[in-house]
$ cat work-v1.txt   # compact mmCIF, C-alpha atoms
# COMPACT_ATOMS: atom_id res chain seq x y z
CA GLU A 2 -26.90 -5.32 -14.65
CA ALA A 3 -23.87 -3.19 -15.49
CA ALA A 4 -23.16 -3.12 -11.76
CA ALA A 5 -23.37 -6.89 -11.58
CA GLN A 6 -20.84 -7.19 -14.39
CA VAL A 7 -18.20 -5.26 -12.49
CA ALA A 8 -18.88 -7.18 -9.28
CA PRO A 9 -15.69 -9.28 -9.50
CA SER A 10 -13.72 -6.08 -9.21
CA ALA A 11 -15.56 -5.16 -6.00
CA GLY A 12 -14.06 -8.27 -4.47
CA GLN A 13 -10.45 -7.29 -5.09
CA GLY A 14 -8.27 -8.40 -2.22
CA VAL A 15 -5.59 -6.18 -0.73
CA GLY A 16 -2.63 -6.93 1.47
CA VAL A 17 0.14 -4.80 2.95
CA ASP A 18 3.15 -5.83 4.99
CA VAL A 19 5.98 -3.93 6.67
CA GLN A 20 9.09 -5.73 7.88
CA LEU A 21 12.00 -4.58 10.01
CA VAL A 22 14.96 -5.76 7.91
CA SER A 23 17.09 -6.74 10.93
CA GLU A 24 14.43 -9.24 12.03
CA VAL A 25 14.88 -11.36 8.92
CA ASN A 26 17.71 -13.62 10.05
CA THR A 27 19.56 -14.37 6.85
CA ASP A 28 22.40 -15.96 8.83
CA ASN A 29 20.02 -18.82 9.62
CA VAL A 30 20.52 -21.07 6.60
CA ALA A 31 17.69 -23.42 7.55
CA PHE A 32 15.26 -20.48 7.80
CA VAL A 33 16.38 -19.11 4.42
CA GLU A 34 16.17 -22.48 2.64
CA ARG A 35 12.76 -23.21 4.17
CA ASN A 36 11.21 -19.93 2.99
CA PHE A 37 13.00 -18.81 -0.18
CA THR A 38 13.39 -20.64 -3.51
CA VAL A 39 16.71 -21.11 -5.28
CA ALA A 40 15.83 -18.31 -7.71
CA GLU A 41 14.87 -15.95 -4.87
CA ARG A 42 18.09 -16.67 -3.02
CA ALA A 43 20.15 -16.10 -6.17
CA TYR A 44 18.42 -12.73 -6.69
CA CYS A 45 18.75 -11.58 -3.08
CA ASP A 46 22.34 -12.77 -2.64
CA ALA A 47 23.36 -10.82 -5.75
CA SER A 48 21.65 -7.60 -4.68
CA SER A 49 23.50 -4.65 -3.14
CA HIS A 50 21.69 -5.19 0.19
CA PRO A 51 20.91 -8.92 0.49
CA GLN A 52 19.18 -8.73 3.88
CA SER A 53 16.92 -5.89 2.66
CA SER A 54 16.08 -7.91 -0.44
CA TYR A 55 15.17 -10.95 1.66
CA ALA A 56 13.05 -8.72 3.92
CA GLY A 57 11.29 -7.28 0.86
CA ARG A 58 10.50 -10.75 -0.46
CA TRP A 59 9.32 -11.85 2.99
CA ALA A 60 7.00 -8.82 3.15
CA ALA A 61 5.79 -9.57 -0.40
CA LYS A 62 4.88 -13.16 0.50
CA GLU A 63 2.98 -11.99 3.57
CA ALA A 64 1.20 -9.28 1.54
CA VAL A 65 0.18 -11.87 -1.07
CA ILE A 66 -1.28 -14.17 1.61
CA LYS A 67 -3.30 -11.25 2.99
CA ALA A 68 -4.49 -10.14 -0.46
CA VAL A 69 -5.64 -13.62 -1.42
CA SER A 70 -7.39 -14.14 1.94
CA SER A 71 -9.01 -10.70 1.75
CA LEU A 72 -10.46 -11.68 -1.64
CA SER A 73 -12.59 -14.41 -0.13
CA SER A 74 -16.04 -13.29 0.91
CA ASP A 75 -15.59 -13.94 4.60
CA GLY A 76 -11.95 -12.89 4.87
CA ALA A 77 -10.88 -16.36 5.93
CA PRO A 78 -7.42 -17.44 4.86
CA VAL A 79 -7.43 -19.31 1.55
CA TRP A 80 -4.84 -21.69 2.89
CA THR A 81 -3.10 -22.09 6.22
CA LYS A 82 -0.47 -24.35 7.62
CA GLY A 83 -0.12 -22.55 10.92
CA SER A 84 1.79 -19.36 11.57
CA GLY A 85 5.14 -21.07 11.18
CA ALA A 86 4.30 -22.36 7.70
CA PRO A 87 7.07 -22.04 5.15
CA LEU A 88 6.53 -19.37 2.57
CA ILE A 89 8.57 -21.11 -0.13
CA GLU A 90 5.40 -22.00 -2.06
CA ILE A 91 4.80 -18.32 -2.79
CA GLU A 92 7.64 -17.35 -5.10
CA ILE A 93 8.46 -13.74 -5.90
CA LEU A 94 10.31 -13.62 -9.22
CA ARG A 95 11.93 -10.58 -10.68
CA GLU A 96 13.87 -9.78 -13.77
CA GLU A 97 16.13 -6.78 -13.31
CA GLY A 98 14.25 -3.58 -14.08
CA LYS A 99 10.84 -5.25 -14.29
CA ALA A 100 7.95 -5.44 -11.85
CA PRO A 101 8.04 -8.49 -9.57
CA GLU A 102 5.83 -11.48 -10.43
CA VAL A 103 4.19 -14.02 -8.13
CA GLN A 104 4.17 -17.76 -8.78
CA PHE A 105 2.39 -20.27 -6.59
CA HIS A 106 3.58 -23.83 -6.07
CA GLY A 107 2.33 -27.02 -4.40
CA GLU A 108 -0.48 -26.64 -1.88
CA ALA A 109 -0.49 -22.87 -2.22
CA LYS A 110 -1.12 -23.19 -5.95
CA ALA A 111 -3.94 -25.69 -5.43
CA ALA A 112 -5.58 -23.51 -2.78
CA VAL A 113 -5.34 -20.34 -4.84
CA GLU A 114 -6.81 -22.05 -7.91
CA LYS A 115 -9.62 -23.53 -5.83
CA ALA A 116 -10.40 -20.07 -4.45
CA GLY A 117 -10.75 -18.76 -8.01
CA VAL A 118 -7.93 -16.25 -7.75
CA ASP A 119 -7.24 -14.98 -11.25
CA LYS A 120 -4.49 -12.42 -10.90
CA VAL A 121 -2.10 -11.40 -8.13
CA LYS A 122 0.08 -8.30 -8.33
CA VAL A 123 2.79 -7.38 -5.87
CA THR A 124 5.07 -4.39 -5.36
CA ILE A 125 8.04 -4.08 -3.01
CA SER A 126 10.17 -1.26 -1.58
CA HIS A 127 12.85 -0.90 1.07
CA SER A 128 14.62 2.07 2.58
CA GLY A 129 16.59 2.50 5.77
CA SER A 130 15.64 -0.23 8.27
CA TYR A 131 12.34 -1.30 6.70
CA ALA A 132 10.87 -3.15 3.74
CA VAL A 133 7.25 -2.64 2.67
CA ALA A 134 5.20 -4.67 0.19
CA MET A 135 1.67 -4.40 -1.15
CA ALA A 136 -0.37 -6.95 -3.08
CA THR A 137 -3.73 -7.11 -4.82
CA ALA A 138 -5.69 -10.22 -5.80
CA LEU A 139 -8.51 -10.51 -8.30
CA GLU B 29 -19.35 0.73 -24.23
CA ALA B 30 -17.29 -2.03 -22.67
CA ALA B 31 -15.03 0.71 -21.33
CA ALA B 32 -18.01 2.53 -19.85
CA GLN B 33 -19.06 -0.62 -18.04
CA VAL B 34 -15.80 -0.89 -16.17
CA ALA B 35 -15.78 2.80 -15.32
CA PRO B 36 -16.72 2.29 -11.65
CA SER B 37 -13.47 0.42 -11.25
CA ALA B 38 -11.50 3.34 -12.69
CA GLY B 39 -12.73 5.38 -9.75
CA GLN B 40 -11.32 3.08 -7.09
CA GLY B 41 -10.05 5.09 -4.18
CA VAL B 42 -6.76 4.31 -2.47
CA GLY B 43 -5.34 5.30 0.89
CA VAL B 44 -2.12 4.49 2.71
CA ASP B 45 -1.00 5.46 6.20
CA VAL B 46 2.17 4.90 8.19
CA GLN B 47 2.25 5.51 11.93
CA LEU B 48 5.12 5.62 14.40
CA VAL B 49 3.81 3.32 17.15
CA SER B 50 5.26 5.39 20.00
CA GLU B 51 3.21 8.41 18.91
CA VAL B 52 -0.07 6.66 19.66
CA ASN B 53 -0.48 7.50 23.33
CA THR B 54 -2.37 4.54 24.70
CA ASP B 55 -1.79 5.78 28.26
CA ASN B 56 -4.23 8.60 27.50
CA VAL B 57 -7.55 6.94 28.35
CA ALA B 58 -9.62 9.84 27.02
CA PHE B 59 -7.80 9.65 23.66
CA VAL B 60 -8.31 5.89 23.47
CA GLU B 61 -11.99 6.03 24.38
CA ARG B 62 -12.63 8.87 21.94
CA ASN B 63 -11.11 7.04 18.96
CA PHE B 64 -11.51 3.30 19.50
CA THR B 65 -14.68 1.25 20.01
CA VAL B 66 -15.18 -1.21 22.84
CA ALA B 67 -14.53 -4.10 20.41
CA GLU B 68 -11.37 -2.48 19.09
CA ARG B 69 -10.04 -1.89 22.59
CA ALA B 70 -10.79 -5.48 23.57
CA TYR B 71 -8.91 -6.73 20.51
CA CYS B 72 -5.90 -4.44 20.99
CA ASP B 73 -5.64 -4.92 24.75
CA ALA B 74 -5.57 -8.70 24.26
CA SER B 75 -2.89 -8.62 21.58
CA SER B 76 0.78 -9.37 22.25
CA HIS B 77 1.72 -5.74 21.47
CA PRO B 78 -1.25 -3.55 22.42
CA GLN B 79 0.32 -0.24 21.43
CA SER B 80 1.29 -1.64 18.00
CA SER B 81 -2.25 -2.93 17.53
CA TYR B 82 -3.71 0.47 18.42
CA ALA B 83 -1.26 2.12 16.00
CA GLY B 84 -2.30 -0.34 13.28
CA ARG B 85 -5.98 0.44 13.80
CA TRP B 86 -5.22 4.17 13.84
CA ALA B 87 -3.37 3.83 10.53
CA ALA B 88 -6.25 1.76 9.13
CA LYS B 89 -8.82 4.43 10.02
CA GLU B 90 -6.69 7.13 8.39
CA ALA B 91 -6.16 4.95 5.29
CA VAL B 92 -9.92 4.36 5.02
CA ILE B 93 -10.63 8.13 5.20
CA LYS B 94 -8.08 8.71 2.41
CA ALA B 95 -9.45 5.87 0.24
CA VAL B 96 -13.03 7.07 0.53
CA SER B 97 -12.03 10.68 -0.19
CA SER B 98 -9.83 9.61 -3.11
CA LEU B 99 -12.86 7.85 -4.61
CA SER B 100 -14.75 11.10 -5.06
CA SER B 101 -14.19 12.75 -8.41
CA ASP B 102 -12.51 15.86 -7.05
CA GLY B 103 -10.60 14.23 -4.23
CA ALA B 104 -12.46 16.22 -1.62
CA PRO B 105 -13.01 14.53 1.73
CA VAL B 106 -16.32 12.67 1.91
CA TRP B 107 -16.78 13.85 5.45
CA THR B 108 -14.79 16.05 7.79
CA LYS B 109 -15.08 17.19 11.33
CA GLY B 110 -11.77 18.94 11.44
CA SER B 111 -8.38 17.34 11.93
CA GLY B 112 -9.08 16.53 15.58
CA ALA B 113 -12.23 14.58 14.74
CA PRO B 114 -12.65 11.32 16.60
CA LEU B 115 -12.12 8.22 14.50
CA ILE B 116 -14.46 6.05 16.56
CA GLU B 117 -17.07 6.07 13.78
CA ILE B 118 -14.72 4.07 11.54
CA GLU B 119 -14.50 0.70 13.23
CA ILE B 120 -11.89 -1.88 12.26
CA LEU B 121 -13.13 -5.31 13.23
CA ARG B 122 -11.13 -8.47 13.10
CA GLU B 123 -11.70 -12.07 13.91
CA GLU B 124 -8.50 -13.89 14.74
CA GLY B 125 -6.90 -15.23 11.57
CA LYS B 126 -9.23 -13.34 9.23
CA ALA B 127 -8.79 -10.18 7.19
CA PRO B 128 -9.92 -7.00 8.99
CA GLU B 129 -13.33 -5.55 8.13
CA VAL B 130 -14.48 -1.92 8.19
CA GLN B 131 -17.80 -0.79 9.66
CA PHE B 132 -19.03 2.79 9.54
CA HIS B 133 -21.23 4.33 12.21
CA GLY B 134 -23.15 7.58 12.75
CA GLU B 135 -22.20 10.52 10.57
CA ALA B 136 -19.40 8.56 8.89
CA LYS B 137 -21.90 5.91 7.80
CA ALA B 138 -24.33 8.52 6.45
CA ALA B 139 -21.57 10.32 4.55
CA VAL B 140 -20.14 7.14 3.03
CA GLU B 141 -23.58 5.98 1.91
CA LYS B 142 -24.35 9.39 0.42
CA ALA B 143 -21.06 9.27 -1.50
CA GLY B 144 -22.09 5.94 -3.01
CA VAL B 145 -19.23 3.96 -1.53
CA ASP B 146 -19.98 0.30 -2.10
CA LYS B 147 -17.03 -1.58 -0.69
CA VAL B 148 -14.06 -0.70 1.50
CA LYS B 149 -11.14 -3.07 2.06
CA VAL B 150 -8.35 -2.51 4.53
CA THR B 151 -5.12 -4.30 5.39
CA ILE B 152 -2.77 -3.66 8.32
CA SER B 153 0.79 -4.57 9.28
CA HIS B 154 3.26 -3.58 11.97
CA SER B 155 6.92 -4.36 12.56
CA GLY B 156 9.55 -2.71 14.70
CA SER B 157 8.54 0.88 15.49
CA TYR B 158 5.95 1.34 12.72
CA ALA B 159 2.45 0.32 11.66
CA VAL B 160 1.30 0.60 8.04
CA ALA B 161 -2.22 0.28 6.64
CA MET B 162 -3.66 0.41 3.14
CA ALA B 163 -7.29 0.74 2.07
CA THR B 164 -9.27 0.68 -1.16
CA ALA B 165 -12.79 2.02 -1.75
CA LEU B 166 -15.16 1.17 -4.60
CA GLU C 1 -18.03 -12.81 -21.64
CA ALA C 2 -18.73 -11.01 -18.37
CA ALA C 3 -15.22 -12.01 -17.35
CA ALA C 4 -13.78 -10.55 -20.54
CA GLN C 5 -15.52 -7.28 -19.86
CA VAL C 6 -13.83 -6.82 -16.52
CA ALA C 7 -10.44 -7.76 -17.94
CA PRO C 8 -9.07 -4.18 -17.92
CA SER C 9 -9.46 -4.21 -14.19
CA ALA C 10 -7.42 -7.41 -13.92
CA GLY C 11 -4.53 -5.48 -15.35
CA GLN C 12 -4.49 -2.81 -12.64
CA GLY C 13 -0.96 -1.83 -11.82
CA VAL C 14 0.23 -1.34 -8.26
CA GLY C 15 3.26 0.40 -6.82
CA VAL C 16 4.49 1.01 -3.28
CA ASP C 17 7.49 2.97 -2.08
CA VAL C 18 9.00 3.63 1.34
CA GLN C 19 11.57 6.36 1.83
CA LEU C 20 13.79 7.24 4.79
CA VAL C 21 13.17 10.99 5.10
CA SER C 22 16.77 11.81 6.03
CA GLU C 23 18.00 10.36 2.72
CA VAL C 24 16.16 13.00 0.70
CA ASN C 25 18.77 15.75 0.65
CA THR C 26 16.71 18.91 0.48
CA ASP C 27 19.82 21.01 1.14
CA ASN C 28 20.97 20.06 -2.37
CA VAL C 29 19.28 22.74 -4.46
CA ALA C 30 20.29 21.15 -7.78
CA PHE C 31 18.74 17.84 -6.69
CA VAL C 32 15.54 19.54 -5.58
CA GLU C 33 15.20 21.63 -8.75
CA ARG C 34 15.90 18.61 -10.96
CA ASN C 35 13.19 16.46 -9.37
CA PHE C 36 10.44 18.71 -8.05
CA THR C 37 8.29 21.24 -9.91
CA VAL C 38 7.77 24.84 -8.78
CA ALA C 39 4.31 23.91 -7.43
CA GLU C 40 5.68 20.90 -5.54
CA ARG C 41 8.44 22.97 -3.98
CA ALA C 42 5.97 25.68 -2.94
CA TYR C 43 3.78 23.04 -1.29
CA CYS C 44 6.64 21.25 0.48
CA ASP C 45 8.42 24.41 1.61
CA ALA C 46 5.18 25.68 3.19
CA SER C 47 4.47 22.44 5.05
CA SER C 48 5.21 21.94 8.73
CA HIS C 49 7.88 19.33 7.90
CA PRO C 50 9.36 20.25 4.49
CA GLN C 51 11.83 17.36 4.29
CA SER C 52 9.07 14.84 5.14
CA SER C 53 6.87 16.40 2.46
CA TYR C 54 9.64 16.13 -0.12
CA ALA C 55 10.23 12.51 0.91
CA GLY C 56 6.52 11.80 0.54
CA ARG C 57 6.46 13.26 -2.96
CA TRP C 58 9.61 11.36 -3.88
CA ALA C 59 8.00 8.12 -2.68
CA ALA C 60 4.82 9.01 -4.62
CA LYS C 61 6.74 9.50 -7.87
CA GLU C 62 8.52 6.18 -7.42
CA ALA C 63 5.22 4.43 -6.58
CA VAL C 64 3.63 5.90 -9.73
CA ILE C 65 6.49 4.62 -11.91
CA LYS C 66 6.08 1.15 -10.42
CA ALA C 67 2.28 1.18 -10.81
CA VAL C 68 2.45 2.23 -14.45
CA SER C 69 5.16 -0.34 -15.23
CA SER C 70 3.26 -3.06 -13.37
CA LEU C 71 0.23 -2.33 -15.58
CA SER C 72 2.05 -3.43 -18.72
CA SER C 73 1.61 -7.10 -19.53
CA ASP C 74 5.25 -8.03 -19.10
CA GLY C 75 6.06 -5.74 -16.20
CA ALA C 76 8.59 -3.80 -18.22
CA PRO C 77 9.00 -0.14 -17.38
CA VAL C 78 6.77 2.10 -19.49
CA TRP C 79 9.59 4.60 -19.74
CA THR C 80 13.14 4.75 -18.51
CA LYS C 81 15.94 7.21 -18.62
CA GLY C 82 18.21 5.24 -16.36
CA SER C 83 18.10 5.10 -12.59
CA GLY C 84 19.32 8.68 -12.22
CA ALA C 85 16.49 10.08 -14.33
CA PRO C 86 14.85 13.21 -12.97
CA LEU C 87 11.36 12.69 -11.58
CA ILE C 88 10.18 16.20 -12.36
CA GLU C 89 7.98 14.93 -15.21
CA ILE C 90 5.77 13.14 -12.69
CA GLU C 91 4.11 15.93 -10.74
CA ILE C 92 2.22 15.30 -7.51
CA LEU C 93 -0.27 18.10 -6.98
CA ARG C 94 -2.29 18.65 -3.88
CA GLU C 95 -4.83 21.12 -2.70
CA GLU C 96 -4.96 21.37 1.07
CA GLY C 97 -7.36 18.80 2.46
CA LYS C 98 -7.81 16.95 -0.82
CA ALA C 99 -6.34 13.73 -2.15
CA PRO C 100 -3.13 14.19 -4.17
CA GLU C 101 -3.36 14.15 -7.98
CA VAL C 102 -0.76 13.01 -10.53
CA GLN C 103 0.09 14.94 -13.68
CA PHE C 104 2.52 13.72 -16.31
CA HIS C 105 4.65 16.03 -18.44
CA GLY C 106 7.01 15.74 -21.40
CA GLU C 107 8.37 12.29 -22.20
CA ALA C 108 6.63 10.76 -19.21
CA LYS C 109 3.28 12.00 -20.51
CA ALA C 110 3.95 10.66 -24.01
CA ALA C 111 5.04 7.27 -22.66
CA VAL C 112 2.06 6.92 -20.33
CA GLU C 113 -0.39 7.83 -23.10
CA LYS C 114 1.27 5.39 -25.48
CA ALA C 115 0.96 2.66 -22.88
CA GLY C 116 -2.77 3.30 -22.65
CA VAL C 117 -2.78 4.31 -19.01
CA ASP C 118 -6.18 5.77 -18.24
CA LYS C 119 -6.11 6.63 -14.57
CA VAL C 120 -3.42 6.88 -11.90
CA LYS C 121 -4.20 7.29 -8.21
CA VAL C 122 -1.66 7.97 -5.50
CA THR C 123 -1.75 8.24 -1.73
CA ILE C 124 1.01 9.45 0.62
CA SER C 125 1.76 9.27 4.33
CA HIS C 126 4.67 10.07 6.60
CA SER C 127 5.37 9.51 10.27
CA GLY C 128 8.54 9.52 12.30
CA SER C 129 11.55 8.94 10.03
CA TYR C 130 9.69 7.47 7.03
CA ALA C 131 7.38 8.39 4.17
CA VAL C 132 5.28 5.77 2.37
CA ALA C 133 3.32 6.11 -0.87
CA MET C 134 1.11 3.78 -2.86
CA ALA C 135 -0.19 4.14 -6.40
CA THR C 136 -2.55 2.29 -8.73
CA ALA C 137 -2.76 2.54 -12.51
CA LEU C 138 -5.62 1.51 -14.76

$ encode --input "work-v1.txt" --output "structure tokens"
Amino acid sequence: EAAAQVAPSAGQGVGVDVQLVSEVNTDNVAFVERNFTVAERAYCDASSHPQSSYAGRWAAKEAVIKAVSSLSSDGAPVWTKGSGAPLIEIEILREEGKAPEVQFHGEAKAAVEKAGVDKVKVTISHSGSYAVAMATAL
Amino acid sequence: EAAAQVAPSAGQGVGVDVQLVSEVNTDNVAFVERNFTVAERAYCDASSHPQSSYAGRWAAKEAVIKAVSSLSSDGAPVWTKGSGAPLIEIEILREEGKAPEVQFHGEAKAAVEKAGVDKVKVTISHSGSYAVAMATAL
Amino acid sequence: EAAAQVAPSAGQGVGVDVQLVSEVNTDNVAFVERNFTVAERAYCDASSHPQSSYAGRWAAKEAVIKAVSSLSSDGAPVWTKGSGAPLIEIEILREEGKAPEVQFHGEAKAAVEKAGVDKVKVTISHSGSYAVAMATAL
């Protein structure tokens, strides 16, 4: 019975994503506006390496999608809009010096709530030519 | 007592692995057949970047070994056959669009069961010249 | 009530870090002595790729800081000494063939205990020009 009580933890979802910074085309305004919120753009544009920051947020969004999908019993994606779906509904917020936070909007929010996702954590890093992000979902 | 009940979660094992894609010599048929199952080879060979897919699976197998070993109280490897041991007994299966799943075979399966490993999750990504994988074990 | 009992697990902190190996200047003795313990230096200097080992430990220390900070409810850092703070108080120990272990010293130890951190796990990998580490905190 004790084992049964910790069962939710056994279903923790995990997601990792690595992203070559140069592949995130921040010169493409339509791409940026389709995938990043106003707050995300303000944060990235003010950073010392904007393109690396965008790549980190991109990786974080992808890691969150994987973590949430991995949480479901059969590993099926919790929501999909096709591989070209905009990632703007998964917002990565960050106050300077604090850990990043994830907020879901629109259809992504509805899908995540329906799937019973309680808590999503994400962490981001970049160095040299790459950004890496990792997420967990409970 | 509540703390004791969540103790299994405190022992979650974690493993990460990064792999330079070019170092995974997919031209070496003996190497490929020794480390990847028929299903893995079918998946990788059909992907848009076979060598990156093989590198991702390689990283995933290494991450799983680390996660399972990290789960044990003293951090000792749950099973070892030496550093040149074939990784074919740790199979990374994936249906298109779903999260990857881990299946253990042979001695790896016996060792993981003996160690009381209940659940292993793995996530894989590749971009540019690198593949990264992360695994958790409960 | 079952949900409440697994709540500590919902607060698991996560941290990832990627580090370009060439950026870790191991020729700078003052830098090395300020950030790595005697045991860490002995381990790294004896490895087949010392600079990669140092980069891996550096990434591990950064990942641990992120994981511990991410554990706190508001994502604020558990301790800070400014961005140039020495990382020597977060020691990454490793016996050959075993998973790495984290030990906290001095102010880092006091801060982590005050924050109620019970368990920190870390995992490290390097390949090619990069090292990657991931940590969890409970």

$ closest_residue --input "work-v1.txt" --among "B:Ala83, B:Ile118, B:Val148, B:Val160" --to "Thr54 in chain B" --atoms "only C-alpha atoms"
B:Ala83

$ closest_residue --input "work-v1.txt" --among "A:Lys67, A:Lys115, A:Lys122, A:Lys62" --to "chain B" --atoms "all atoms listed in the file"
A:Lys67

$ atom_distance --input "work-v1.txt" --atom1 "CA of Leu20 in chain C" --atom2 "CA of Pro101 in chain A"
22.1 Å

$ interface_residues --input "work-v1.txt" --of "chain C" --to "chain B" --cutoff "10 Å" --atoms "only C-alpha atoms" --output "PyMOL selection string"
chain C and resi 4-9+12+16+18+94-101+118-138

$ atom_distance --input "work-v1.txt" --atom1 "CA of Tyr54 in chain C" --atom2 "CA of Val117 in chain C"
25.5 Å

$ atom_distance --input "work-v1.txt" --atom1 "CA of Asp27 in chain C" --atom2 "CA of Ile65 in chain C"
24.8 Å

$ residues_around --input "work-v1.txt" --residues "range 34-46 of chain A" --least-positions-apart "6" --cutoff "7 Å" --atoms "all atoms listed in the file" --output "VMD selection string"
chain A and resid 54 to 55 87 to 89 92 to 94

$ decode --input "work-v1.txt" --residues "range 9-76 of chain A" --atoms "C-alpha atoms" --output "short mmCIF file (atom, residue, chain, number, x, y, z; two decimals), in the first residue's frame"
data_model
loop_
_atom_site.label_atom_id
_atom_site.label_comp_id
_atom_site.auth_asym_id
_atom_site.auth_seq_id
_atom_site.Cartn_x
_atom_site.Cartn_y
_atom_site.Cartn_z
CA PRO A 9 2.34 8.99 -9.04
CA SER A 10 6.04 9.60 -8.67
CA ALA A 11 6.83 6.49 -10.71
CA GLY A 12 5.07 8.15 -13.61
CA GLN A 13 7.28 11.24 -13.67
CA GLY A 14 7.87 12.36 -17.22
CA VAL A 15 11.28 13.44 -18.46
CA GLY A 16 12.35 15.40 -21.50
CA VAL A 17 15.72 16.58 -22.80
CA ASP A 18 16.52 18.74 -25.80
CA VAL A 19 19.75 19.96 -27.36
CA GLN A 20 19.73 22.75 -29.93
CA LEU A 21 22.45 24.11 -32.20
CA VAL A 22 22.14 27.85 -31.55
CA SER A 23 22.86 28.85 -35.17
CA GLU A 24 19.81 26.87 -36.35
CA VAL A 25 17.42 29.12 -34.45
CA ASN A 26 16.85 31.84 -37.03
CA THR A 27 16.21 34.91 -34.94
CA ASP A 28 16.45 37.10 -38.06
CA ASN A 29 13.13 35.60 -39.15
CA VAL A 30 10.65 37.90 -37.40
CA ALA A 31 7.63 35.79 -38.34
CA PHE A 32 9.28 32.68 -36.85
CA VAL A 33 10.16 34.54 -33.64
CA GLU A 34 6.70 36.07 -33.21
CA ARG A 35 4.99 32.74 -33.92
CA ASN A 36 6.97 30.84 -31.27
CA PHE A 37 7.96 33.28 -28.51
CA THR A 38 5.74 35.46 -26.31
CA VAL A 39 6.28 39.18 -25.79
CA ALA A 40 7.83 38.49 -22.37
CA GLU A 41 10.16 35.84 -23.79
CA ARG A 42 11.30 38.15 -26.57
CA ALA A 43 11.92 40.97 -24.11
CA TYR A 44 14.05 38.64 -21.96
CA CYS A 45 16.03 37.18 -24.86
CA ASP A 46 16.58 40.50 -26.65
CA ALA A 47 17.98 41.99 -23.43
CA SER A 48 20.37 39.10 -22.77
CA SER A 49 24.08 39.21 -23.58
CA HIS A 50 23.63 36.52 -26.25
CA PRO A 51 20.09 36.87 -27.67
CA GLN A 52 20.33 34.00 -30.15
CA SER A 53 21.62 31.63 -27.43
CA SER A 54 18.77 32.72 -25.17
CA TYR A 55 16.21 32.05 -27.90
CA ALA A 56 17.82 28.65 -28.54
CA GLY A 57 17.65 27.86 -24.82
CA ARG A 58 13.96 28.74 -24.68
CA TRP A 59 13.30 26.72 -27.83
CA ALA A 60 15.05 23.71 -26.26
CA ALA A 61 13.07 24.25 -23.04
CA LYS A 62 9.74 24.22 -24.90
CA GLU A 63 10.70 21.02 -26.70
CA ALA A 64 11.87 19.42 -23.44
CA VAL A 65 8.57 20.34 -21.77
CA ILE A 66 6.56 18.74 -24.60
CA LYS A 67 8.62 15.55 -24.23
CA ALA A 68 8.31 15.51 -20.44
CA VAL A 69 4.54 15.94 -20.52
CA SER A 70 4.15 13.29 -23.24
CA SER A 71 6.46 10.90 -21.39
CA LEU A 72 4.21 11.24 -18.33
CA SER A 73 1.27 9.64 -20.10
CA SER A 74 1.07 5.90 -19.69
CA ASP A 75 1.55 5.06 -23.34
CA GLY A 76 4.04 7.80 -24.18
#
